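Trainee: Here you go, this is run.pdb (PDB, C-alpha atoms).
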ATOM      1  CA  GLY B  30     109.087-212.417-115.938  1.00  0.00           C
ATOM      2  CA  GLN B  31     107.367-210.201-113.476  1.00  0.00           C
ATOM      3  CA  GLN B  32     104.619-211.805-111.452  1.00  0.00           C
ATOM      4  CA  VAL B  33     101.932-210.214-109.387  1.00  0.00           C
ATOM      5  CA  MET B  34     100.516-212.408-106.661  1.00  0.00           C
ATOM      6  CA  GLN B  35      97.451-211.952-104.531  1.00  0.00           C
ATOM      7  CA  ILE B  36      96.376-213.567-101.315  1.00  0.00           C
ATOM      8  CA  PRO B  37      94.078-214.984-100.309  1.00  0.00           C
ATOM      9  CA  GLN B  38      92.577-216.578-103.392  1.00  0.00           C
ATOM     10  CA  TYR B  39      89.170-216.800-101.706  1.00  0.00           C
ATOM     11  CA  GLN B  40      87.705-215.178 -98.622  1.00  0.00           C
ATOM     12  CA  HIS B  41      84.351-215.796 -97.021  1.00  0.00           C
ATOM     13  CA  VAL B  42      83.224-213.308 -94.397  1.00  0.00           C
ATOM     14  CA  GLN B  43      80.107-212.596 -92.417  1.00  0.00           C
ATOM     15  CA  GLU B  44      78.458-209.316 -93.243  1.00  0.00           C
ATOM     16  CA  GLY B  45      79.927-206.644 -91.010  1.00  0.00           C
ATOM     17  CA  GLU B  46      83.345-208.257 -90.740  1.00  0.00           C
ATOM     18  CA  ASP B  47      86.442-206.654 -92.190  1.00  0.00           C
ATOM     19  CA  PHE B  48      88.293-207.958 -95.238  1.00  0.00           C
ATOM     20  CA  THR B  49      91.819-207.478 -96.540  1.00  0.00           C
ATOM     21  CA  THR B  50      93.466-208.646 -99.739  1.00  0.00           C
ATOM     22  CA  TYR B  51      97.176-208.398-100.375  1.00  0.00           C
ATOM     23  CA  CYS B  52      99.060-207.884-103.596  1.00  0.00           C
ATOM     24  CA  ASN B  53     102.736-208.806-103.820  1.00  0.00           C
ATOM     25  CA  SER B  54     105.354-208.627-106.508  1.00  0.00           C
ATOM     26  CA  SER B  55     108.772-210.158-106.958  1.00  0.00           C
ATOM     27  CA  THR B  56     109.967-206.875-108.438  1.00  0.00           C
ATOM     28  CA  THR B  57     109.365-203.255-107.614  1.00  0.00           C
ATOM     29  CA  LEU B  58     105.900-202.187-108.660  1.00  0.00           C
ATOM     30  CA  SER B  59     105.460-199.141-110.868  1.00  0.00           C
ATOM     31  CA  ASN B  60     101.895-198.074-110.302  1.00  0.00           C
ATOM     32  CA  ILE B  61      99.265-200.211-108.661  1.00  0.00           C
ATOM     33  CA  GLN B  62      95.685-200.128-109.735  1.00  0.00           C
ATOM     34  CA  TRP B  63      92.812-201.926-108.078  1.00  0.00           C
ATOM     35  CA  TYR B  64      89.746-203.237-109.850  1.00  0.00           C
ATOM     36  CA  LYS B  65      86.529-204.903-108.717  1.00  0.00           C
ATOM     37  CA  GLN B  66      84.657-207.420-110.812  1.00  0.00           C
ATOM     38  CA  ARG B  67      81.190-208.392-109.699  1.00  0.00           C
ATOM     39  CA  PRO B  68      79.992-211.922-110.563  1.00  0.00           C
ATOM     40  CA  GLY B  69      79.039-211.947-114.230  1.00  0.00           C
ATOM     41  CA  GLY B  70      80.346-208.436-114.700  1.00  0.00           C
ATOM     42  CA  HIS B  71      83.385-206.658-115.995  1.00  0.00           C
ATOM     43  CA  PRO B  72      86.308-205.199-114.046  1.00  0.00           C
ATOM     44  CA  VAL B  73      85.703-201.709-112.750  1.00  0.00           C
ATOM     45  CA  PHE B  74      88.563-199.382-111.902  1.00  0.00           C
ATOM     46  CA  LEU B  75      88.678-198.441-108.225  1.00  0.00           C
ATOM     47  CA  ILE B  76      91.890-196.511-107.656  1.00  0.00           C
ATOM     48  CA  GLN B  77      95.542-196.008-108.580  1.00  0.00           C
ATOM     49  CA  LEU B  78      98.466-195.755-106.177  1.00  0.00           C
ATOM     50  CA  VAL B  79     101.729-194.272-107.352  1.00  0.00           C
ATOM     51  CA  LYS B  80     103.863-193.159-104.428  1.00  0.00           C
ATOM     52  CA  SER B  81     105.715-195.280-101.922  1.00  0.00           C
ATOM     53  CA  GLY B  82     103.725-195.550 -98.680  1.00  0.00           C
ATOM     54  CA  GLU B  83     100.654-193.955-100.228  1.00  0.00           C
ATOM     55  CA  VAL B  84      97.305-194.494 -98.485  1.00  0.00           C
ATOM     56  CA  LYS B  85      93.990-193.651-100.087  1.00  0.00           C
ATOM     57  CA  LYS B  86      90.465-194.077 -98.788  1.00  0.00           C
ATOM     58  CA  GLN B  87      87.141-194.462-100.514  1.00  0.00           C
ATOM     59  CA  LYS B  88      84.390-194.677 -97.921  1.00  0.00           C
ATOM     60  CA  ARG B  89      84.850-198.124 -96.333  1.00  0.00           C
ATOM     61  CA  LEU B  90      87.775-199.044 -98.623  1.00  0.00           C
ATOM     62  CA  THR B  91      91.385-198.285 -97.695  1.00  0.00           C
ATOM     63  CA  PHE B  92      94.179-198.803-100.209  1.00  0.00           C
ATOM     64  CA  GLN B  93      97.823-198.893 -99.254  1.00  0.00           C
ATOM     65  CA  PHE B  94     101.083-199.010-101.212  1.00  0.00           C
ATOM     66  CA  GLY B  95     104.085-200.480 -99.445  1.00  0.00           C
ATOM     67  CA  GLU B  96     107.122-198.412 -98.588  1.00  0.00           C
ATOM     68  CA  ALA B  97     109.312-200.562-100.834  1.00  0.00           C
ATOM     69  CA  LYS B  98     106.670-200.561-103.591  1.00  0.00           C
ATOM     70  CA  LYS B  99     106.636-204.343-103.635  1.00  0.00           C
ATOM     71  CA  ASN B 100     103.216-204.813-102.108  1.00  0.00           C
ATOM     72  CA  SER B 101      99.834-203.251-101.788  1.00  0.00           C
ATOM     73  CA  SER B 102      96.676-203.950 -99.866  1.00  0.00           C
ATOM     74  CA  LEU B 103      92.967-203.283-100.014  1.00  0.00           C
ATOM     75  CA  HIS B 104      91.036-203.266 -96.757  1.00  0.00           C
ATOM     76  CA  ILE B 105      87.266-203.150 -96.526  1.00  0.00           C
ATOM     77  CA  THR B 106      85.744-202.189 -93.193  1.00  0.00           C
ATOM     78  CA  ALA B 107      82.390-203.676 -92.182  1.00  0.00           C
ATOM     79  CA  THR B 108      81.703-205.586 -95.371  1.00  0.00           C
ATOM     80  CA  GLN B 109      78.308-205.466 -97.023  1.00  0.00           C
ATOM     81  CA  THR B 110      76.719-207.865 -99.486  1.00  0.00           C
ATOM     82  CA  THR B 111      77.366-205.302-102.201  1.00  0.00           C
ATOM     83  CA  ASP B 112      81.108-205.867-101.706  1.00  0.00           C
ATOM     84  CA  VAL B 113      80.831-209.363-103.203  1.00  0.00           C
ATOM     85  CA  GLY B 114      83.113-209.860-106.174  1.00  0.00           C
ATOM     86  CA  THR B 115      86.694-210.428-107.216  1.00  0.00           C
ATOM     87  CA  TYR B 116      89.283-207.791-106.431  1.00  0.00           C
ATOM     88  CA  PHE B 117      92.251-207.530-108.761  1.00  0.00           C
ATOM     89  CA  CYS B 118      95.428-205.571-108.398  1.00  0.00           C
ATOM     90  CA  ALA B 119      97.340-204.603-111.521  1.00  0.00           C
ATOM     91  CA  ASP B 120     100.854-203.320-112.042  1.00  0.00           C
ATOM     92  CA  ASN B 121     101.869-201.146-114.920  1.00  0.00           C
ATOM     93  CA  ARG B 122     104.350-203.193-116.915  1.00  0.00           C
ATOM     94  CA  ASP B 123     105.675-200.087-118.529  1.00  0.00           C
ATOM     95  CA  ASN B 124     104.676-196.459-118.392  1.00  0.00           C
ATOM     96  CA  TYR B 125     104.799-196.136-122.151  1.00  0.00           C
ATOM     97  CA  GLY B 126     102.143-198.644-123.021  1.00  0.00           C
ATOM     98  CA  GLN B 127     100.167-198.780-119.809  1.00  0.00           C
ATOM     99  CA  ASN B 128      99.926-202.525-120.165  1.00  0.00           C
ATOM    100  CA  PHE B 129      98.947-203.708-116.781  1.00  0.00           C
ATOM    101  CA  VAL B 130      99.824-207.110-115.421  1.00  0.00           C
ATOM    102  CA  PHE B 131      96.864-208.276-113.416  1.00  0.00           C
ATOM    103  CA  GLY B 132      97.101-210.374-110.313  1.00  0.00           C
ATOM    104  CA  PRO B 133      94.947-213.525-110.121  1.00  0.00           C
ATOM    105  CA  GLY B 134      92.415-211.790-107.886  1.00  0.00           C
ATOM    106  CA  THR B 135      90.803-212.421-104.521  1.00  0.00           C
ATOM    107  CA  ARG B 136      87.213-213.605-104.616  1.00  0.00           C
ATOM    108  CA  LEU B 137      85.171-212.227-101.742  1.00  0.00           C
ATOM    109  CA  SER B 138      81.939-213.783-100.546  1.00  0.00           C
ATOM    110  CA  VAL B 139      79.856-211.981 -97.950  1.00  0.00           C
ATOM    111  CA  LEU B 140      77.311-213.986 -96.003  1.00  0.00           C
ATOM    112  CA  PRO B 141      74.277-212.001 -94.839  1.00  0.00           C
TER     113      PRO B 141
ATOM    114  CA  ASP D   3      77.099-198.384-119.461  1.00  0.00           C
ATOM    115  CA  SER D   4      80.869-197.946-119.234  1.00  0.00           C
ATOM    116  CA  GLY D   5      81.157-196.265-122.626  1.00  0.00           C
ATOM    117  CA  VAL D   6      83.136-199.154-124.109  1.00  0.00           C
ATOM    118  CA  THR D   7      80.934-201.227-126.401  1.00  0.00           C
ATOM    119  CA  GLN D   8      81.606-204.843-127.227  1.00  0.00           C
ATOM    120  CA  THR D   9      79.693-207.055-129.608  1.00  0.00           C
ATOM    121  CA  PRO D  10      78.492-209.697-129.629  1.00  0.00           C
ATOM    122  CA  LYS D  11      77.820-210.462-125.966  1.00  0.00           C
ATOM    123  CA  HIS D  12      77.748-214.177-126.552  1.00  0.00           C
ATOM    124  CA  LEU D  13      79.167-216.360-129.273  1.00  0.00           C
ATOM    125  CA  ILE D  14      78.950-220.117-129.669  1.00  0.00           C
ATOM    126  CA  THR D  15      80.950-221.711-132.428  1.00  0.00           C
ATOM    127  CA  ALA D  16      82.561-224.994-133.394  1.00  0.00           C
ATOM    128  CA  THR D  17      86.182-225.975-133.246  1.00  0.00           C
ATOM    129  CA  GLY D  18      88.174-224.942-136.284  1.00  0.00           C
ATOM    130  CA  GLN D  19      85.992-221.945-137.004  1.00  0.00           C
ATOM    131  CA  ARG D  20      86.907-218.267-137.105  1.00  0.00           C
ATOM    132  CA  VAL D  21      85.166-215.431-135.253  1.00  0.00           C
ATOM    133  CA  THR D  22      85.503-211.680-135.012  1.00  0.00           C
ATOM    134  CA  LEU D  23      84.928-209.725-131.836  1.00  0.00           C
ATOM    135  CA  ARG D  24      84.288-206.020-132.037  1.00  0.00           C
ATOM    136  CA  CYS D  25      85.029-203.173-129.670  1.00  0.00           C
ATOM    137  CA  SER D  26      84.319-199.458-129.721  1.00  0.00           C
ATOM    138  CA  PRO D  27      86.357-197.512-127.178  1.00  0.00           C
ATOM    139  CA  ARG D  28      85.035-194.763-124.970  1.00  0.00           C
ATOM    140  CA  SER D  29      84.716-191.437-126.749  1.00  0.00           C
ATOM    141  CA  GLY D  30      88.061-189.657-126.749  1.00  0.00           C
ATOM    142  CA  ASP D  31      90.161-192.708-125.878  1.00  0.00           C
ATOM    143  CA  LEU D  32      92.716-193.590-128.522  1.00  0.00           C
ATOM    144  CA  SER D  33      93.921-196.832-126.966  1.00  0.00           C
ATOM    145  CA  VAL D  34      92.229-200.191-127.095  1.00  0.00           C
ATOM    146  CA  TYR D  35      93.367-203.202-125.114  1.00  0.00           C
ATOM    147  CA  TRP D  36      92.224-206.787-125.428  1.00  0.00           C
ATOM    148  CA  TYR D  37      92.216-209.168-122.482  1.00  0.00           C
ATOM    149  CA  GLN D  38      91.244-212.822-122.149  1.00  0.00           C
ATOM    150  CA  GLN D  39      89.682-214.173-118.981  1.00  0.00           C
ATOM    151  CA  SER D  40      89.249-217.925-118.755  1.00  0.00           C
ATOM    152  CA  LEU D  41      86.941-219.524-116.222  1.00  0.00           C
ATOM    153  CA  ASP D  42      88.062-218.658-112.707  1.00  0.00           C
ATOM    154  CA  GLN D  43      91.220-217.136-114.107  1.00  0.00           C
ATOM    155  CA  GLY D  44      92.717-213.714-114.070  1.00  0.00           C
ATOM    156  CA  LEU D  45      93.014-211.295-116.922  1.00  0.00           C
ATOM    157  CA  GLN D  46      95.596-212.114-119.564  1.00  0.00           C
ATOM    158  CA  PHE D  47      96.743-209.217-121.723  1.00  0.00           C
ATOM    159  CA  LEU D  48      96.569-209.996-125.423  1.00  0.00           C
ATOM    160  CA  ILE D  49      97.310-206.864-127.423  1.00  0.00           C
ATOM    161  CA  GLN D  50      97.118-203.079-127.414  1.00  0.00           C
ATOM    162  CA  TYR D  51      96.423-200.598-130.191  1.00  0.00           C
ATOM    163  CA  TYR D  52      96.917-196.862-130.051  1.00  0.00           C
ATOM    164  CA  ASN D  53      95.403-194.633-132.706  1.00  0.00           C
ATOM    165  CA  GLY D  54      95.438-197.391-135.286  1.00  0.00           C
ATOM    166  CA  GLU D  55      98.865-198.808-134.581  1.00  0.00           C
ATOM    167  CA  GLU D  56      99.858-201.868-132.628  1.00  0.00           C
ATOM    168  CA  ARG D  57     101.585-200.690-129.456  1.00  0.00           C
ATOM    169  CA  ALA D  58     102.231-203.844-127.442  1.00  0.00           C
ATOM    170  CA  LYS D  59     101.687-207.579-127.560  1.00  0.00           C
ATOM    171  CA  GLY D  60     101.128-209.911-124.687  1.00  0.00           C
ATOM    172  CA  ASN D  61     100.267-213.574-124.603  1.00  0.00           C
ATOM    173  CA  ILE D  62      98.456-213.579-127.907  1.00  0.00           C
ATOM    174  CA  LEU D  63      98.448-216.768-129.958  1.00  0.00           C
ATOM    175  CA  GLU D  64      99.473-216.715-133.621  1.00  0.00           C
ATOM    176  CA  ARG D  65      95.929-217.846-134.471  1.00  0.00           C
ATOM    177  CA  PHE D  66      94.678-214.560-133.056  1.00  0.00           C
ATOM    178  CA  SER D  67      95.037-211.167-134.656  1.00  0.00           C
ATOM    179  CA  ALA D  68      93.627-207.718-134.150  1.00  0.00           C
ATOM    180  CA  GLN D  69      93.420-204.341-135.756  1.00  0.00           C
ATOM    181  CA  GLN D  70      92.200-200.862-134.987  1.00  0.00           C
ATOM    182  CA  PHE D  71      90.413-198.902-137.661  1.00  0.00           C
ATOM    183  CA  PRO D  72      90.493-195.151-138.438  1.00  0.00           C
ATOM    184  CA  ASP D  73      87.282-194.637-136.467  1.00  0.00           C
ATOM    185  CA  LEU D  74      89.169-196.235-133.524  1.00  0.00           C
ATOM    186  CA  HIS D  75      86.988-199.292-133.194  1.00  0.00           C
ATOM    187  CA  SER D  76      88.928-202.516-132.932  1.00  0.00           C
ATOM    188  CA  GLU D  77      88.375-206.092-133.975  1.00  0.00           C
ATOM    189  CA  LEU D  78      89.898-209.224-132.519  1.00  0.00           C
ATOM    190  CA  ASN D  79      89.996-212.142-134.927  1.00  0.00           C
ATOM    191  CA  LEU D  80      90.250-215.646-133.548  1.00  0.00           C
ATOM    192  CA  SER D  81      90.825-218.459-136.022  1.00  0.00           C
ATOM    193  CA  SER D  82      91.208-222.246-135.990  1.00  0.00           C
ATOM    194  CA  LEU D  83      89.355-222.184-132.714  1.00  0.00           C
ATOM    195  CA  GLU D  84      90.017-224.792-130.078  1.00  0.00           C
ATOM    196  CA  LEU D  85      88.022-225.800-127.024  1.00  0.00           C
ATOM    197  CA  GLY D  86      90.586-224.043-124.841  1.00  0.00           C
ATOM    198  CA  ASP D  87      89.821-220.717-126.471  1.00  0.00           C
ATOM    199  CA  SER D  88      86.500-220.629-124.663  1.00  0.00           C
ATOM    200  CA  ALA D  89      86.703-217.582-122.429  1.00  0.00           C
ATOM    201  CA  LEU D  90      85.514-214.081-121.767  1.00  0.00           C
ATOM    202  CA  TYR D  91      87.210-211.563-124.019  1.00  0.00           C
ATOM    203  CA  PHE D  92      87.313-208.037-122.695  1.00  0.00           C
ATOM    204  CA  CYS D  93      88.146-204.882-124.486  1.00  0.00           C
ATOM    205  CA  ALA D  94      89.245-201.841-122.510  1.00  0.00           C
ATOM    206  CA  SER D  95      90.159-198.292-123.295  1.00  0.00           C
ATOM    207  CA  ALA D  96      91.984-195.644-121.323  1.00  0.00           C
ATOM    208  CA  THR D  97      92.379-191.903-121.328  1.00  0.00           C
ATOM    209  CA  GLY D  98      95.888-192.001-119.959  1.00  0.00           C
ATOM    210  CA  VAL D  99      98.206-193.664-117.498  1.00  0.00           C
ATOM    211  CA  HIS D 100      96.568-192.134-114.427  1.00  0.00           C
ATOM    212  CA  TYR D 101      92.972-192.989-115.119  1.00  0.00           C
ATOM    213  CA  GLY D 102      92.727-196.738-115.240  1.00  0.00           C
ATOM    214  CA  TYR D 103      91.095-198.918-117.789  1.00  0.00           C
ATOM    215  CA  THR D 104      87.438-198.732-118.679  1.00  0.00           C
ATOM    216  CA  PHE D 105      86.313-202.207-119.596  1.00  0.00           C
ATOM    217  CA  GLY D 106      83.510-203.231-121.872  1.00  0.00           C
ATOM    218  CA  SER D 107      81.014-205.843-120.775  1.00  0.00           C
ATOM    219  CA  GLY D 108      82.898-208.540-122.663  1.00  0.00           C
ATOM    220  CA  THR D 109      82.179-211.219-125.230  1.00  0.00           C
ATOM    221  CA  ARG D 110      81.664-214.714-123.886  1.00  0.00           C
ATOM    222  CA  LEU D 111      83.019-217.159-126.445  1.00  0.00           C
ATOM    223  CA  THR D 112      82.098-220.817-126.219  1.00  0.00           C
ATOM    224  CA  VAL D 113      83.825-223.239-128.553  1.00  0.00           C
ATOM    225  CA  VAL D 114      82.073-226.597-128.867  1.00  0.00           C
TER     226      VAL D 114
END
Let me see whether you can do it: turn the structure in this file into C-alpha cells.
Mentor:
Amino acid sequence: GQQVMQIPQYQHVQEGEDFTTYCNSSTTLSNIQWYKQRPGGHPVFLIQLVKSGEVKKQKRLTFQFGEAKKNSSLHITATQTTDVGTYFCADNRDNYGQNFVFGPGTRLSVLP
Amino acid sequence: DSGVTQTPKHLITATGQRVTLRCSPRSGDLSVYWYQQSLDQGLQFLIQYYNGEERAKGNILERFSAQQFPDLHSELNLSSLELGDSALYFCASATGVHYGYTFGSGTRLTVV
C-alpha cells in the first residue's frame, strides 16, 4: 500500500539555526497537510498544499510541494524553542473520505 | 481548547477488560475520525464516521468497534484489552477536505 516517509526521524538544532523536514511518497500524493504536535500535546493543523510546485509561507515556516507531487518539505528559518515538537505530513488517501495517511514524523529539538 | 472534546483524559485498566472512549466533534463538523498513536509512533487511522454512518475503516482490530450517535458524538469501544493496546487515542473532526483535522487532546490508555 501507499507509504508516506519522512526524514530525518530526529533533528537537534541550536536555537537560531534553520531546520528542514522532508516528506516522500512512493506514489503521487493527492493533497499534503502538515501538522505539529508539541510534546504531550495533540496534532495541530498547520497548512494544506494541493497544487504541484506550490509554495506557502507562514512567518518563519515555508512549505513546498514537489513538481511531481511525490514529495513535500517544511523549512523553518531561525528556529526558536517554541518550534520544539514533532512535525507530521499527511496525504489524503482518498478525496471522498479525507482519510489521511500520516508520515512517521520528524521530532525537532531546539537547544537554547 | 480545539473544540473537539475527548473523555476521559487518562484511563488505566487491566488486560482482558473493556473500555469506552468518548468524543464530541467540533460544532458543525459531521465527521469523526479515530486515530491511535503508540509511544514514539505515528498516527494510525482506525475508523471514520460521517453523520452517524461508518465511512471508512483503517487498521482497526476486530476487538475494537465504534459508533456515532445522532447528536454526532462518537464512542470507541476497546475490548479484550492487551498490553499492546496501550496508546494515545485521538479523535478528530473536520469541516471539509480543505480545512484539515481538528484533534482532541486525546485519551491516554494504559493497560496493565
Trainee: Residues around (94.9, -204.7, -134.0), cut-off 12 Å, counting all atoms listed in the file - what are they as a ChimeraX atom specification?
Mentor: /D:22-25,33-36,48-59,62,66-72,74-80,93
Trainee: Kindly provide, as a list in words, the residues of chain D having any atom no farther than 7 Å from an atom of chain B, counting all atoms listed in the file.
Mentor: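 The answer, sorted by residue number, is Gln43, Gly44, Leu45, Arg57, Ala58, Val99, Gly102, Tyr103, Thr104, Phe105, Gly106, Ser107 and Gly108 of chain D.
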Trainee: For this file, the PyMOL selection byres ((chain B and resi 93) around 9) selects which residues, as a ChimeraX atom specification?
Mentor: /B:78,82-86,91-92,94-95,100-104
Trainee: One decimal, in Å: what's the spacing between CA of Ser59 (chain B) and CA of Tyr116 (chain B)?
Mentor: 18.9 Å
Trainee: Hey, what's within 8 Å of Ile14 (chain D) if we count all atoms listed in the file and toss same-chain stuff fewer than 3 positions away? As a PyMOL selection string, please?
Mentor: chain D and resi 111-114
Trainee: Tell me which protein, DNA and RNA residues are within 6 Å of Tyr91 (chain D), counting only C-alpha atoms, leaving out same-chain ones fewer than 6 positions away, and put them as a list of chain:residue names.
Mentor: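 After dropping sequence-adjacent residues, the list is D:Tyr37, D:Gln38, D:Gly108, D:Thr109.
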Trainee: Any chance you could work out the axis-aligned box around region 54-59 of chain B, listed atoms only, 4 Å on each side, giving centre and edge lengths in Å to one decimal, as lines of an AutoDock Vina configuration file?
Mentor:
center_x = 107.7
center_y = -204.6
center_z = -108.7
size_x = 12.6
size_y = 19.0
size_z = 12.4
Trainee: Expand the PyMOL selection byres ((chain D and resi 12) around 6) into the individual residues it matches in the shown file, reporting them as JSON, numbers by chain.
Mentor: {"D": [10, 11, 13, 109, 110]}
Trainee: For each of B:Leu58, B:Leu140, B:Val113, B:Cys118, take the minimum atom-to-atom distance to Glu44 (chain B), counting only C-alpha atoms, then give the residue where this is smallest.
Mentor: B:Leu140
Trainee: Given the file above and the PyMOL selection byres ((chain B and resi 37) around 10), which residues are selected, and can you give them as a VMD selection string?
Mentor: chain B and resid 34 to 36 38 to 40 49 to 52 133 to 137
Trainee: I'd like the interatomic distance between CA of Thr57 (chain B) and CA of Asp120 (chain B), to a tenth of an Å.
Mentor: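 CA of Asp120 (chain B) lies 9.6 Å from CA of Thr57 (chain B).
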Trainee: May I ask for the distance between CA of Gln39 (chain D) and CA of Ala94 (chain D), given in Å to one decimal place?
Mentor: 12.8 Å
Trainee: Which of these, D:Ser29, D:Asn61, D:Thr15, D:Gln8, has the shortest distance to Ala96 (chain D) once you count all atoms listed in the file?
Mentor: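 Counting all atoms listed in the file, the residue closest to Ala96 (chain D) is D:Ser29.
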